[in-house]
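One structure is given below, encoded as structure tokens.
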Amino acid sequence: SAGVVFVTANSLSTVNGLEFSGTAMSDGAAFKITGGGANMTASGDTLLMSMGAATVGNGIDLTTTGAYTGTGVILLTANTASSGDLISVSGTSLSTGNCLFATGGGANMTAGGQVIDVVMGAATLGQGVRIATSGIYVGTTGILDINATAATTGVIVSVDGTGLNSGSAIEVLATAATLTTGSYFRANDGASNVFAVKLGGHLASAGTAPTAAAG
């Protein structure tokens, strides 16, 4: 059906089809939609937007010019959910683009800032972040690529497991039957592989062995 309210403006090109102004608002909502609650089915939507066959533009554009200190420019709450996906992004035709692109504050960031902050609460199982590919991966940059080539001091990757007694801070799995010239771990100084842990736990080192130093 066309809907209770149906607006057709198929000739619009540069003007706004619907515009609302509420510059004095404090705790109200400029636009509020209430869905069907328990009556909703799997095909139901509280808000449905279609961009057609658009190749540029934005489906949603949220902007604030204030020094924002709130709980989220976008706030999603579903605290009683136990299964299902709260946010689902599909981009199966992507080749060089990004499903999710986040830019931090650059030189403005302080020691307590994060570009992405994942908190598992008091979880005892599950994964905080899971990266998986079902393809026969042949890339050289890594399924996980951490790049900080301008860093001169500090720590690039930090793993804290001070309560460990029988677990592992980092676990690397490979198959002995198929691991030939590969390595479980490899360190490269830009010119060559200076150290590697290979099949059977064998250690490989290039060049003259360094002098051990207390650290």
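Chain labels run A, B, ... following the order of the structure tokens; each chain numbers its residues from 1, and ligands are numbered from 1 in the order shown.
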Extract, using only C-alpha atoms, all DNA, RNA and protein residues at most 7 Å from stretch 199-201 of chain A, discarding same-chain residues fewer than 4 positions from it, and format them as a list in words.
-> Ala176, Leu179 and Ser183 of chain A
Could you please take those selected residues and save N, CA, C and O atoms as a compact mmCIF listing (two decimals), in the first residue's frame?
```txt
# COMPACT_ATOMS: atom_id res chain seq x y z
N ALA A 176 51.51 -28.96 11.31
CA ALA A 176 52.86 -29.46 11.05
C ALA A 176 52.96 -30.17 9.71
O ALA A 176 53.98 -30.07 9.02
N LEU A 179 52.98 -27.18 7.08
CA LEU A 179 53.91 -26.07 7.26
C LEU A 179 55.29 -26.50 6.79
O LEU A 179 55.93 -27.34 7.41
N SER A 183 56.56 -20.01 8.85
CA SER A 183 56.99 -19.77 10.23
C SER A 183 55.78 -19.51 11.12
O SER A 183 54.77 -18.97 10.67
```
Selection near A:Ser192, 12 Å with only C-alpha atoms, sequence-local residues under 5 positions removed, as a CSV table (one decimal) with all heavy atoms, in the first residue's frame:
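Produced file result.csv, reproduced below:
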```
chain,number,residue,atom,x,y,z
A,186,ARG,N,57.8,-14.5,12.8
A,186,ARG,CA,58.9,-14.0,12.0
A,186,ARG,C,59.2,-12.6,12.3
A,186,ARG,O,58.2,-11.8,12.4
A,186,ARG,CB,58.6,-14.2,10.5
A,186,ARG,CG,59.7,-13.7,9.6
A,186,ARG,CD,59.4,-14.3,8.2
A,186,ARG,NE,58.1,-13.9,7.6
A,186,ARG,CZ,57.9,-12.8,6.9
A,186,ARG,NH1,58.8,-11.9,6.7
A,186,ARG,NH2,56.7,-12.6,6.5
A,187,ALA,N,60.4,-12.2,12.6
A,187,ALA,CA,60.8,-10.8,12.8
A,187,ALA,C,61.7,-10.4,11.7
A,187,ALA,O,62.7,-11.0,11.3
A,187,ALA,CB,61.6,-10.7,14.1
A,204,ALA,N,65.3,-20.0,13.9
A,204,ALA,CA,66.1,-19.6,12.7
A,204,ALA,C,66.6,-18.1,12.9
A,204,ALA,O,65.8,-17.3,13.3
A,204,ALA,CB,65.3,-19.7,11.4
A,205,SER,N,67.8,-17.9,12.7
A,205,SER,CA,68.4,-16.6,12.9
A,205,SER,C,69.3,-16.3,11.7
A,205,SER,O,70.1,-17.1,11.3
A,205,SER,CB,69.2,-16.5,14.2
A,205,SER,OG,69.8,-15.2,14.4
A,206,ALA,N,69.3,-15.0,11.2
A,206,ALA,CA,70.1,-14.6,10.1
A,206,ALA,C,71.3,-13.8,10.6
A,206,ALA,O,71.1,-13.0,11.5
A,206,ALA,CB,69.3,-13.8,9.1
A,207,GLY,N,72.4,-13.9,10.0
A,207,GLY,CA,73.6,-13.1,10.4
A,207,GLY,C,74.2,-13.6,11.7
A,207,GLY,O,74.0,-14.7,12.2
```
Excluding stretch 168-174 of chain A and residues on its chain fewer than 2 positions from it, collect all residues at most 12 Å away from it, counting only C-alpha atoms, and give them as a PyMOL selection string.
-> chain A and resi 157-166+176-180+182-186+197-201
Between atom CA of A:Asp45 and atom CA of A:Thr63, measure the distance and give it in Å to one decimal.
-> 24.2 Å
As a ChimeraX atom specification, list the residues of stretch 92-211 of chain A assigned to strand (DSSP E) by DSSP on the backbone atoms of this structure.
-> /A:185-188,193-197,203-205
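For stretch 60-62 of chain A, the set of protein, DNA and RNA residues having any atom at most 12 Å away, when counting only C-alpha atoms and skipping those fewer than 6 positions along the same chain, is Leu47, Leu48, Met49, Ser50, Met51, Gly72, Val73 and Ile74 of chain A.
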Can you list every residue in stretch 5-155 of chain A that DSSP puts in helix (DSSP H, G or I), as a list in words?
->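 Selection result, helix (DSSP H, G or I) within stretch 5-155 of chain A: Gly37, Ala38, Asn39, Gly106, Ala107 and Asn108 of chain A.
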Once you have the residues from the selection above, write them out as a PDB file, in the first residue's frame, restricted to N, CA and C atoms.
```
ATOM      1  N   GLY A  37       6.744  -3.077  18.174  1.00  0.00           N
ATOM      2  CA  GLY A  37       7.105  -3.871  19.340  1.00  0.00           C
ATOM      3  C   GLY A  37       7.062  -5.359  19.056  1.00  0.00           C
ATOM      4  N   ALA A  38       6.398  -6.109  19.934  1.00  0.00           N
ATOM      5  CA  ALA A  38       6.315  -7.563  19.787  1.00  0.00           C
ATOM      6  C   ALA A  38       5.532  -7.983  18.557  1.00  0.00           C
ATOM      7  N   ASN A  39       4.808  -7.058  17.937  1.00  0.00           N
ATOM      8  CA  ASN A  39       4.037  -7.396  16.736  1.00  0.00           C
ATOM      9  C   ASN A  39       4.900  -7.445  15.478  1.00  0.00           C
ATOM     10  N   GLY A 106      43.891  12.225  15.599  1.00  0.00           N
ATOM     11  CA  GLY A 106      45.254  12.545  15.203  1.00  0.00           C
ATOM     12  C   GLY A 106      46.072  13.077  16.365  1.00  0.00           C
ATOM     13  N   ALA A 107      46.735  14.204  16.141  1.00  0.00           N
ATOM     14  CA  ALA A 107      47.586  14.802  17.168  1.00  0.00           C
ATOM     15  C   ALA A 107      46.801  15.287  18.375  1.00  0.00           C
ATOM     16  N   ASN A 108      45.468  15.364  18.267  1.00  0.00           N
ATOM     17  CA  ASN A 108      44.643  15.803  19.391  1.00  0.00           C
ATOM     18  C   ASN A 108      44.393  14.698  20.419  1.00  0.00           C
TER      19      ASN A 108
END
```
